[in-house]
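Just final-v2.csv here, CSV, N, CA and C atoms:
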```csv
chain,number,residue,atom,x,y,z
I,1,MET,N,0.8,-1.2,0.0
I,1,MET,CA,0.0,0.0,0.0
I,1,MET,C,0.9,1.3,0.0
I,2,LYS,N,1.9,1.3,0.8
I,2,LYS,CA,2.7,2.5,0.9
I,2,LYS,C,3.5,2.7,-0.4
I,3,LYS,N,3.8,1.7,-1.2
I,3,LYS,CA,4.5,1.8,-2.4
I,3,LYS,C,3.7,2.6,-3.5
I,4,MET,N,2.4,2.6,-3.3
I,4,MET,CA,1.6,3.3,-4.3
I,4,MET,C,1.9,4.8,-4.3
I,5,PHE,N,2.4,5.3,-3.2
I,5,PHE,CA,2.6,6.8,-3.0
I,5,PHE,C,4.1,7.2,-3.1
I,6,THR,N,5.0,6.3,-3.6
I,6,THR,CA,6.4,6.6,-3.8
I,6,THR,C,6.7,6.7,-5.3
I,7,LEU,N,7.8,7.3,-5.6
I,7,LEU,CA,8.3,7.4,-7.0
I,7,LEU,C,9.0,6.2,-7.5
I,8,ASP,N,9.5,5.4,-6.6
I,8,ASP,CA,10.3,4.1,-6.9
I,8,ASP,C,9.3,3.0,-7.3
I,9,PRO,N,9.2,2.5,-8.5
I,9,PRO,CA,8.2,1.6,-8.9
I,9,PRO,C,8.5,0.2,-8.4
I,10,GLY,N,9.7,-0.1,-7.9
I,10,GLY,CA,10.0,-1.5,-7.6
I,10,GLY,C,9.6,-1.8,-6.1
I,11,MET,N,9.3,-3.1,-5.9
I,11,MET,CA,8.9,-3.6,-4.6
I,11,MET,C,9.7,-4.9,-4.3
I,12,ASN,N,10.2,-5.1,-3.1
I,12,ASN,CA,10.9,-6.3,-2.8
I,12,ASN,C,9.9,-7.3,-2.3
I,13,CYS,N,10.0,-8.5,-2.9
I,13,CYS,CA,9.1,-9.6,-2.5
I,13,CYS,C,9.5,-10.1,-1.1
I,14,PRO,N,8.5,-10.2,-0.2
I,14,PRO,CA,8.9,-10.6,1.2
I,14,PRO,C,9.3,-12.1,1.3
I,15,TYR,N,9.0,-12.9,0.3
I,15,TYR,CA,9.3,-14.3,0.3
I,15,TYR,C,10.6,-14.7,-0.3
I,16,CYS,N,10.9,-14.1,-1.5
I,16,CYS,CA,12.1,-14.5,-2.2
I,16,CYS,C,13.1,-13.4,-2.2
I,17,GLY,N,12.7,-12.2,-1.9
I,17,GLY,CA,13.7,-11.0,-1.8
I,17,GLY,C,13.9,-10.4,-3.2
I,18,GLU,N,13.3,-10.9,-4.3
I,18,GLU,CA,13.5,-10.4,-5.6
I,18,GLU,C,12.8,-9.1,-5.8
I,19,ARG,N,13.3,-8.3,-6.7
I,19,ARG,CA,12.7,-7.0,-7.0
I,19,ARG,C,11.5,-7.2,-8.0
I,20,GLN,N,10.3,-6.7,-7.6
I,20,GLN,CA,9.1,-6.9,-8.4
I,20,GLN,C,8.6,-5.6,-8.9
I,21,TYR,N,8.0,-5.6,-10.1
I,21,TYR,CA,7.4,-4.3,-10.7
I,21,TYR,C,6.0,-4.6,-11.1
I,22,GLN,N,5.2,-3.5,-11.1
I,22,GLN,CA,3.8,-3.6,-11.5
I,22,GLN,C,3.8,-3.7,-13.1
I,23,THR,N,3.0,-4.5,-13.6
I,23,THR,CA,2.9,-4.6,-15.1
I,23,THR,C,2.2,-3.4,-15.7
I,24,ARG,N,2.4,-3.2,-17.0
I,24,ARG,CA,1.8,-2.0,-17.6
I,24,ARG,C,0.3,-2.2,-17.7
I,25,LYS,N,-0.2,-3.4,-18.0
I,25,LYS,CA,-1.6,-3.7,-18.0
I,25,LYS,C,-2.2,-3.4,-16.6
I,26,SER,N,-1.5,-3.8,-15.6
I,26,SER,CA,-2.0,-3.5,-14.2
I,26,SER,C,-2.1,-2.1,-13.9
I,27,LYS,N,-1.1,-1.3,-14.4
I,27,LYS,CA,-1.1,0.1,-14.2
I,27,LYS,C,-2.2,0.8,-14.9
I,28,ASN,N,-2.5,0.3,-16.1
I,28,ASN,CA,-3.7,0.9,-16.8
I,28,ASN,C,-5.0,0.6,-16.1
I,29,LYS,N,-5.2,-0.6,-15.6
I,29,LYS,CA,-6.4,-1.0,-14.9
I,29,LYS,C,-6.5,-0.1,-13.6
I,30,ALA,N,-5.4,0.1,-12.9
I,30,ALA,CA,-5.4,0.9,-11.7
I,30,ALA,C,-5.8,2.3,-12.0
I,31,GLY,N,-5.3,2.8,-13.1
I,31,GLY,CA,-5.6,4.2,-13.5
I,31,GLY,C,-7.0,4.4,-13.8
I,32,PHE,N,-7.6,3.4,-14.5
I,32,PHE,CA,-9.0,3.4,-14.8
I,32,PHE,C,-9.9,3.3,-13.6
I,33,LEU,N,-9.4,2.5,-12.6
I,33,LEU,CA,-10.1,2.3,-11.4
I,33,LEU,C,-10.1,3.6,-10.5
I,34,ASN,N,-9.0,4.3,-10.6
I,34,ASN,CA,-8.8,5.6,-9.8
I,34,ASN,C,-9.7,6.6,-10.3
I,35,ALA,N,-10.1,6.6,-11.6
I,35,ALA,CA,-11.0,7.6,-12.2
I,35,ALA,C,-12.4,7.6,-11.5
I,36,PHE,N,-12.8,6.4,-11.0
I,36,PHE,CA,-14.1,6.3,-10.3
I,36,PHE,C,-14.2,7.2,-9.1
I,37,VAL,N,-13.1,7.5,-8.5
I,37,VAL,CA,-13.1,8.4,-7.3
I,37,VAL,C,-13.7,9.7,-7.6
I,38,PHE,N,-13.5,10.2,-8.8
I,38,PHE,CA,-13.9,11.5,-9.2
I,38,PHE,C,-15.4,11.5,-9.7
I,39,LEU,N,-16.0,10.4,-9.7
I,39,LEU,CA,-17.4,10.3,-10.1
I,39,LEU,C,-18.4,11.3,-9.4
I,40,PRO,N,-18.2,11.5,-8.1
I,40,PRO,CA,-19.2,12.4,-7.4
I,40,PRO,C,-19.0,13.8,-8.0
I,41,ILE,N,-17.8,14.2,-8.4
I,41,ILE,CA,-17.7,15.6,-8.9
I,41,ILE,C,-18.4,15.7,-10.2
I,42,PHE,N,-18.4,14.7,-11.1
I,42,PHE,CA,-19.1,14.8,-12.4
I,42,PHE,C,-20.6,14.7,-12.2
I,43,LEU,N,-21.0,13.9,-11.2
I,43,LEU,CA,-22.4,13.8,-10.9
I,43,LEU,C,-23.0,15.1,-10.4
I,44,ASN,N,-22.2,15.9,-9.7
I,44,ASN,CA,-22.6,17.1,-9.1
I,44,ASN,C,-22.8,18.2,-10.2
I,45,ILE,N,-22.0,18.0,-11.3
I,45,ILE,CA,-22.2,18.9,-12.5
I,45,ILE,C,-23.5,18.8,-13.1
I,46,PHE,N,-24.0,17.6,-13.3
I,46,PHE,CA,-25.3,17.4,-14.0
I,46,PHE,C,-26.5,17.3,-13.1
I,47,PHE,N,-26.3,16.9,-11.8
I,47,PHE,CA,-27.4,16.8,-10.9
I,47,PHE,C,-27.2,17.6,-9.6
I,48,ASP,N,-28.2,18.1,-9.0
I,48,ASP,CA,-28.1,18.9,-7.8
I,48,ASP,C,-28.1,17.9,-6.6
I,49,ILE,N,-27.0,17.4,-6.2
I,49,ILE,CA,-26.9,16.4,-5.1
I,49,ILE,C,-26.4,17.1,-3.8
I,50,PRO,N,-27.0,16.9,-2.7
I,50,PRO,CA,-26.5,17.5,-1.4
I,50,PRO,C,-25.1,17.2,-1.1
I,51,ALA,N,-24.4,18.1,-0.4
I,51,ALA,CA,-23.0,17.9,-0.1
I,51,ALA,C,-22.7,16.7,0.8
I,52,ALA,N,-23.6,16.4,1.7
I,52,ALA,CA,-23.4,15.2,2.6
I,52,ALA,C,-23.4,13.9,1.8
I,53,ILE,N,-24.3,13.8,0.8
I,53,ILE,CA,-24.3,12.6,-0.1
I,53,ILE,C,-23.0,12.5,-0.9
I,54,LEU,N,-22.6,13.7,-1.5
I,54,LEU,CA,-21.4,13.7,-2.3
I,54,LEU,C,-20.2,13.3,-1.5
I,55,ILE,N,-20.0,13.8,-0.3
I,55,ILE,CA,-18.9,13.4,0.6
I,55,ILE,C,-18.9,12.0,1.0
I,56,SER,N,-20.1,11.5,1.3
I,56,SER,CA,-20.2,10.0,1.7
I,56,SER,C,-19.9,9.2,0.5
I,57,LEU,N,-20.4,9.6,-0.7
I,57,LEU,CA,-20.1,8.8,-1.9
I,57,LEU,C,-18.7,8.8,-2.3
I,58,PHE,N,-18.0,10.0,-2.1
I,58,PHE,CA,-16.6,10.1,-2.3
I,58,PHE,C,-15.8,9.1,-1.4
I,59,LEU,N,-16.2,9.1,-0.1
I,59,LEU,CA,-15.5,8.2,0.9
I,59,LEU,C,-15.7,6.8,0.6
I,60,VAL,N,-16.9,6.4,0.2
I,60,VAL,CA,-17.2,5.0,-0.2
I,60,VAL,C,-16.4,4.6,-1.4
I,61,LEU,N,-16.4,5.4,-2.4
I,61,LEU,CA,-15.7,5.1,-3.6
I,61,LEU,C,-14.2,5.0,-3.4
I,62,THR,N,-13.7,5.9,-2.6
I,62,THR,CA,-12.2,5.9,-2.2
I,62,THR,C,-11.9,4.6,-1.5
I,63,SER,N,-12.7,4.2,-0.5
I,63,SER,CA,-12.4,3.0,0.2
I,63,SER,C,-12.5,1.7,-0.7
I,64,LEU,N,-13.5,1.8,-1.6
I,64,LEU,CA,-13.7,0.7,-2.6
I,64,LEU,C,-12.5,0.6,-3.5
I,65,VAL,N,-12.0,1.7,-4.0
I,65,VAL,CA,-10.9,1.7,-5.0
I,65,VAL,C,-9.6,1.2,-4.2
I,66,ILE,N,-9.4,1.7,-3.0
I,66,ILE,CA,-8.2,1.2,-2.3
I,66,ILE,C,-8.3,-0.3,-2.0
I,67,SER,N,-9.4,-0.8,-1.7
I,67,SER,CA,-9.6,-2.2,-1.4
I,67,SER,C,-9.4,-3.1,-2.6
I,68,LEU,N,-9.7,-2.5,-3.8
I,68,LEU,CA,-9.6,-3.3,-5.0
I,68,LEU,C,-8.2,-3.3,-5.7
I,69,HIS,N,-7.4,-2.4,-5.2
I,69,HIS,CA,-6.0,-2.3,-5.8
I,69,HIS,C,-5.2,-3.6,-5.7
I,70,PRO,N,-5.2,-4.3,-4.5
I,70,PRO,CA,-4.5,-5.6,-4.5
I,70,PRO,C,-5.0,-6.6,-5.5
I,71,VAL,N,-6.3,-6.6,-5.8
I,71,VAL,CA,-6.9,-7.5,-6.7
I,71,VAL,C,-6.4,-7.2,-8.2
I,72,VAL,N,-6.3,-5.9,-8.5
I,72,VAL,CA,-6.0,-5.5,-9.8
I,72,VAL,C,-4.5,-5.6,-10.1
I,73,MET,N,-3.7,-5.4,-9.0
I,73,MET,CA,-2.2,-5.4,-9.2
I,73,MET,C,-1.6,-6.7,-9.5
I,74,HIS,N,-0.9,-6.7,-10.6
I,74,HIS,CA,-0.1,-7.9,-11.0
I,74,HIS,C,1.4,-7.5,-11.1
I,75,LEU,N,2.3,-8.4,-10.7
I,75,LEU,CA,3.7,-8.0,-10.6
I,75,LEU,C,4.5,-8.9,-11.6
I,76,SER,N,5.6,-8.3,-12.0
I,76,SER,CA,6.5,-9.0,-12.9
I,76,SER,C,8.0,-8.8,-12.5
I,77,ASN,N,8.9,-9.6,-12.9
I,77,ASN,CA,10.3,-9.5,-12.6
I,77,ASN,C,11.0,-8.4,-13.3
I,78,LYS,N,10.4,-8.0,-14.5
I,78,LYS,CA,11.0,-6.9,-15.3
I,78,LYS,C,10.1,-5.6,-15.2
I,79,GLU,N,10.8,-4.5,-15.3
I,79,GLU,CA,10.1,-3.2,-15.3
I,79,GLU,C,9.6,-2.9,-16.7
I,80,GLU,N,8.4,-2.6,-16.8
I,80,GLU,CA,7.8,-2.3,-18.1
I,80,GLU,C,7.5,-0.8,-18.1
I,81,TYR,N,8.0,-0.1,-19.1
I,81,TYR,CA,7.8,1.4,-19.1
I,81,TYR,C,6.5,1.7,-19.9
I,82,SER,N,5.9,2.8,-19.5
I,82,SER,CA,4.6,3.2,-20.1
I,82,SER,C,4.7,3.7,-21.6
I,83,PHE,N,5.9,4.1,-22.0
I,83,PHE,CA,6.0,4.6,-23.3
I,83,PHE,C,6.7,3.7,-24.3
```

Would you write the structure of this file as structure tokens?
Amino acid sequence: MKKMFTLDPGMNCPYCGERQYQTRKSKNKAGFLNAFVFLPIFLNIFFDIPAAILISLFLVLTSLVISLHPVVMHLSNKEEYSF
């Protein structure tokens, strides 16, 4: 979890000690999943939703996205660049 907020993309495996990297496909899925956090902002543009509902929806979506990240994340022994 804490590696998601650092600039170093590599992670050490706790079992074998090898350096692991997130795959490009996994990064794309995680980016798409992160976009759902901003859904309440776009809903507020088109519909007049009370602030309490928007904040609660934002918190629920954020916790859902954070809990789904381990399911979406796949690791590889080689670093794959986005470009």

Check: as a list in words, which residues of chain I does DSSP assign to strand (DSSP E)?
Finding: Gly10, Met11, Asn12, Arg19, Gln20, Tyr21, Gln22, Leu75 and Ser76 of chain I

Next item on the list: Could you please write out, as a PyMOL selection string, every residue of chain I that DSSP assigns to helix (DSSP H, G or I)?
Entry: chain I and resi 2-5+24-46+51-72

Note to self: Ranking I:Leu43, I:Cys13, I:Arg24, I:Val37 by minimum distance to Glu80 of chain I and counting only C-alpha atoms, which one comes first?
What the structure shows: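 For Glu80 of chain I, the nearest of the candidates is I:Arg24.
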
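Distance-wise, atom C of Pro14 of chain I and atom N of Asn28 of chain I end up 24.4 Å apart.
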
Next item on the list: Find the spatial neighbours of Leu75 of chain I, counting only N, CA and C atoms, within a cut-off of 6 Å - ignore same-chain residues fewer than 3 positions away - and output them as a list in words.
Entry: Gln20, Tyr21, Gln22 and Thr23 of chain I

Export N, CA and C atoms of the chosen residues as a PDB file, in the frame of the given file?
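Saved as again_32.pdb:
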```
ATOM      1  N   GLN I  20      10.300  -6.700  -7.600  1.00  0.00           N
ATOM      2  CA  GLN I  20       9.100  -6.900  -8.400  1.00  0.00           C
ATOM      3  C   GLN I  20       8.600  -5.600  -8.900  1.00  0.00           C
ATOM      4  N   TYR I  21       8.000  -5.600 -10.100  1.00  0.00           N
ATOM      5  CA  TYR I  21       7.400  -4.300 -10.700  1.00  0.00           C
ATOM      6  C   TYR I  21       6.000  -4.600 -11.100  1.00  0.00           C
ATOM      7  N   GLN I  22       5.200  -3.500 -11.100  1.00  0.00           N
ATOM      8  CA  GLN I  22       3.800  -3.600 -11.500  1.00  0.00           C
ATOM      9  C   GLN I  22       3.800  -3.700 -13.100  1.00  0.00           C
ATOM     10  N   THR I  23       3.000  -4.500 -13.600  1.00  0.00           N
ATOM     11  CA  THR I  23       2.900  -4.600 -15.100  1.00  0.00           C
ATOM     12  C   THR I  23       2.200  -3.400 -15.700  1.00  0.00           C
TER      13      THR I  23
END
```

Next item on the list: Quick one: pull the distance between atom CA of Ile49 of chain I and atom CA of Val65 of chain I, Å, one decimal.
Entry: 21.7 Å

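The coordinates place atom C of Val60 of chain I at 19.5 Å from atom N of Asp48 of chain I.
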
Notebook entry, point to check: So, counting all atoms listed in the file, which residue among I:Pro9, I:Met73, I:Ser67, I:Ala51 is closest to Lys29 of chain I?
Noted result: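 Once distances to Lys29 of chain I are computed over all atoms listed in the file, the minimum belongs to I:Met73.
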
Next item on the list: Compare I:Gly31, I:Leu61, I:Arg19, I:Phe46 by their minimum atom-to-atom distance to Ser76 of chain I, counting only C-alpha atoms, and give me the closest one.
Entry: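 Comparing I:Gly31, I:Leu61, I:Arg19, I:Phe46 against Ser76 of chain I, the winner is I:Arg19.
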
Next item on the list: Find, counting all atoms listed in the file, the residue in I:Asn12, I:Leu64, I:Phe47, I:Leu57 that gets nearest to Leu33 of chain I.
Entry: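 Of all the options, I:Leu64 lies closest to Leu33 of chain I.
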
Please extract segment 29-44 of chain I and write it out with all heavy atoms, as an mmCIF file, in the first residue's frame.
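The resulting selection.cif:
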```cif
data_model
loop_
_atom_site.group_PDB
_atom_site.id
_atom_site.type_symbol
_atom_site.label_atom_id
_atom_site.label_comp_id
_atom_site.auth_asym_id
_atom_site.auth_seq_id
_atom_site.Cartn_x
_atom_site.Cartn_y
_atom_site.Cartn_z
ATOM 1 N N LYS I 29 -5.156 -0.629 -15.611
ATOM 2 C CA LYS I 29 -6.376 -0.974 -14.885
ATOM 3 C C LYS I 29 -6.511 -0.142 -13.614
ATOM 4 O O LYS I 29 -7.601 0.323 -13.276
ATOM 5 C CB LYS I 29 -6.381 -2.456 -14.522
ATOM 6 C CG LYS I 29 -6.651 -3.372 -15.677
ATOM 7 C CD LYS I 29 -6.651 -4.808 -15.201
ATOM 8 C CE LYS I 29 -6.837 -5.766 -16.346
ATOM 9 N NZ LYS I 29 -6.807 -7.166 -15.887
ATOM 10 N N ALA I 30 -5.405 0.067 -12.915
ATOM 11 C CA ALA I 30 -5.437 0.861 -11.687
ATOM 12 C C ALA I 30 -5.771 2.317 -11.991
ATOM 13 O O ALA I 30 -6.512 2.959 -11.238
ATOM 14 C CB ALA I 30 -4.096 0.761 -10.968
ATOM 15 N N GLY I 31 -5.262 2.847 -13.083
ATOM 16 C CA GLY I 31 -5.585 4.217 -13.475
ATOM 17 C C GLY I 31 -7.048 4.384 -13.816
ATOM 18 O O GLY I 31 -7.676 5.379 -13.449
ATOM 19 N N PHE I 32 -7.600 3.399 -14.509
ATOM 20 C CA PHE I 32 -9.027 3.425 -14.832
ATOM 21 C C PHE I 32 -9.859 3.325 -13.558
ATOM 22 O O PHE I 32 -10.867 4.010 -13.403
ATOM 23 C CB PHE I 32 -9.356 2.277 -15.785
ATOM 24 C CG PHE I 32 -10.787 2.209 -16.189
ATOM 25 C CD1 PHE I 32 -11.315 3.146 -17.060
ATOM 26 C CD2 PHE I 32 -11.611 1.219 -15.689
ATOM 27 C CE1 PHE I 32 -12.648 3.090 -17.435
ATOM 28 C CE2 PHE I 32 -12.943 1.153 -16.057
ATOM 29 C CZ PHE I 32 -13.467 2.092 -16.929
ATOM 30 N N LEU I 33 -9.424 2.487 -12.622
ATOM 31 C CA LEU I 33 -10.129 2.325 -11.358
ATOM 32 C C LEU I 33 -10.074 3.607 -10.526
ATOM 33 O O LEU I 33 -11.056 3.987 -9.885
ATOM 34 C CB LEU I 33 -9.506 1.163 -10.591
ATOM 35 C CG LEU I 33 -10.211 0.659 -9.354
ATOM 36 C CD1 LEU I 33 -11.583 0.110 -9.726
ATOM 37 C CD2 LEU I 33 -9.391 -0.415 -8.692
ATOM 38 N N ASN I 34 -8.955 4.303 -10.560
ATOM 39 C CA ASN I 34 -8.812 5.555 -9.815
ATOM 40 C C ASN I 34 -9.745 6.647 -10.332
ATOM 41 O O ASN I 34 -10.118 7.547 -9.586
ATOM 42 C CB ASN I 34 -7.373 6.052 -9.873
ATOM 43 C CG ASN I 34 -6.451 5.211 -9.048
ATOM 44 O OD1 ASN I 34 -6.876 4.511 -8.137
ATOM 45 N ND2 ASN I 34 -5.165 5.266 -9.364
ATOM 46 N N ALA I 35 -10.112 6.574 -11.591
ATOM 47 C CA ALA I 35 -11.005 7.583 -12.167
ATOM 48 C C ALA I 35 -12.386 7.560 -11.524
ATOM 49 O O ALA I 35 -13.077 8.576 -11.504
ATOM 50 C CB ALA I 35 -11.118 7.377 -13.675
ATOM 51 N N PHE I 36 -12.782 6.431 -10.960
ATOM 52 C CA PHE I 36 -14.095 6.335 -10.322
ATOM 53 C C PHE I 36 -14.197 7.171 -9.054
ATOM 54 O O PHE I 36 -15.293 7.490 -8.604
ATOM 55 C CB PHE I 36 -14.447 4.883 -10.009
ATOM 56 C CG PHE I 36 -14.925 4.131 -11.212
ATOM 57 C CD1 PHE I 36 -14.117 3.187 -11.812
ATOM 58 C CD2 PHE I 36 -16.171 4.381 -11.748
ATOM 59 C CE1 PHE I 36 -14.546 2.502 -12.922
ATOM 60 C CE2 PHE I 36 -16.610 3.702 -12.864
ATOM 61 C CZ PHE I 36 -15.787 2.761 -13.451
ATOM 62 N N VAL I 37 -13.071 7.539 -8.470
ATOM 63 C CA VAL I 37 -13.091 8.366 -7.262
ATOM 64 C C VAL I 37 -13.666 9.748 -7.586
ATOM 65 O O VAL I 37 -14.321 10.362 -6.745
ATOM 66 C CB VAL I 37 -11.680 8.471 -6.654
ATOM 67 C CG1 VAL I 37 -11.642 9.441 -5.506
ATOM 68 C CG2 VAL I 37 -11.204 7.102 -6.205
ATOM 69 N N PHE I 38 -13.462 10.216 -8.795
ATOM 70 C CA PHE I 38 -13.928 11.540 -9.191
ATOM 71 C C PHE I 38 -15.362 11.529 -9.732
ATOM 72 O O PHE I 38 -15.870 12.551 -10.168
ATOM 73 C CB PHE I 38 -12.988 12.149 -10.229
ATOM 74 C CG PHE I 38 -11.605 12.331 -9.690
ATOM 75 C CD1 PHE I 38 -10.575 11.519 -10.111
ATOM 76 C CD2 PHE I 38 -11.352 13.302 -8.745
ATOM 77 C CE1 PHE I 38 -9.298 11.684 -9.603
ATOM 78 C CE2 PHE I 38 -10.089 13.482 -8.229
ATOM 79 C CZ PHE I 38 -9.054 12.667 -8.655
ATOM 80 N N LEU I 39 -16.014 10.407 -9.685
ATOM 81 C CA LEU I 39 -17.397 10.297 -10.143
ATOM 82 C C LEU I 39 -18.354 11.254 -9.424
ATOM 83 O O LEU I 39 -19.199 11.866 -10.080
ATOM 84 C CB LEU I 39 -17.874 8.849 -10.014
ATOM 85 C CG LEU I 39 -19.253 8.529 -10.550
ATOM 86 C CD1 LEU I 39 -19.285 8.736 -12.066
ATOM 87 C CD2 LEU I 39 -19.636 7.109 -10.196
ATOM 88 N N PRO I 40 -18.243 11.452 -8.098
ATOM 89 C CA PRO I 40 -19.164 12.401 -7.445
ATOM 90 C C PRO I 40 -19.040 13.833 -7.970
ATOM 91 O O PRO I 40 -20.032 14.560 -8.035
ATOM 92 C CB PRO I 40 -18.764 12.339 -5.968
ATOM 93 C CG PRO I 40 -18.125 11.025 -5.802
ATOM 94 C CD PRO I 40 -17.461 10.721 -7.105
ATOM 95 N N ILE I 41 -17.849 14.231 -8.386
ATOM 96 C CA ILE I 41 -17.662 15.584 -8.924
ATOM 97 C C ILE I 41 -18.435 15.727 -10.232
ATOM 98 O O ILE I 41 -19.124 16.733 -10.451
ATOM 99 C CB ILE I 41 -16.168 15.884 -9.132
ATOM 100 C CG1 ILE I 41 -15.460 15.904 -7.782
ATOM 101 C CG2 ILE I 41 -15.976 17.205 -9.864
ATOM 102 C CD1 ILE I 41 -13.959 15.984 -7.884
ATOM 103 N N PHE I 42 -18.352 14.726 -11.095
ATOM 104 C CA PHE I 42 -19.069 14.788 -12.364
ATOM 105 C C PHE I 42 -20.578 14.666 -12.172
ATOM 106 O O PHE I 42 -21.350 15.270 -12.908
ATOM 107 C CB PHE I 42 -18.558 13.712 -13.314
ATOM 108 C CG PHE I 42 -17.138 13.928 -13.728
ATOM 109 C CD1 PHE I 42 -16.166 12.991 -13.443
ATOM 110 C CD2 PHE I 42 -16.766 15.089 -14.385
ATOM 111 C CE1 PHE I 42 -14.854 13.202 -13.814
ATOM 112 C CE2 PHE I 42 -15.459 15.308 -14.758
ATOM 113 C CZ PHE I 42 -14.497 14.355 -14.478
ATOM 114 N N LEU I 43 -20.995 13.885 -11.189
ATOM 115 C CA LEU I 43 -22.423 13.793 -10.900
ATOM 116 C C LEU I 43 -22.972 15.130 -10.409
ATOM 117 O O LEU I 43 -24.101 15.493 -10.719
ATOM 118 C CB LEU I 43 -22.689 12.712 -9.851
ATOM 119 C CG LEU I 43 -22.571 11.279 -10.311
ATOM 120 C CD1 LEU I 43 -22.756 10.332 -9.133
ATOM 121 C CD2 LEU I 43 -23.585 10.970 -11.394
ATOM 122 N N ASN I 44 -22.155 15.854 -9.657
ATOM 123 C CA ASN I 44 -22.580 17.142 -9.135
ATOM 124 C C ASN I 44 -22.752 18.172 -10.249
ATOM 125 O O ASN I 44 -23.547 19.098 -10.117
ATOM 126 C CB ASN I 44 -21.596 17.645 -8.094
ATOM 127 C CG ASN I 44 -22.145 18.792 -7.291
ATOM 128 O OD1 ASN I 44 -23.344 18.887 -7.105
ATOM 129 N ND2 ASN I 44 -21.270 19.657 -6.830
#
```
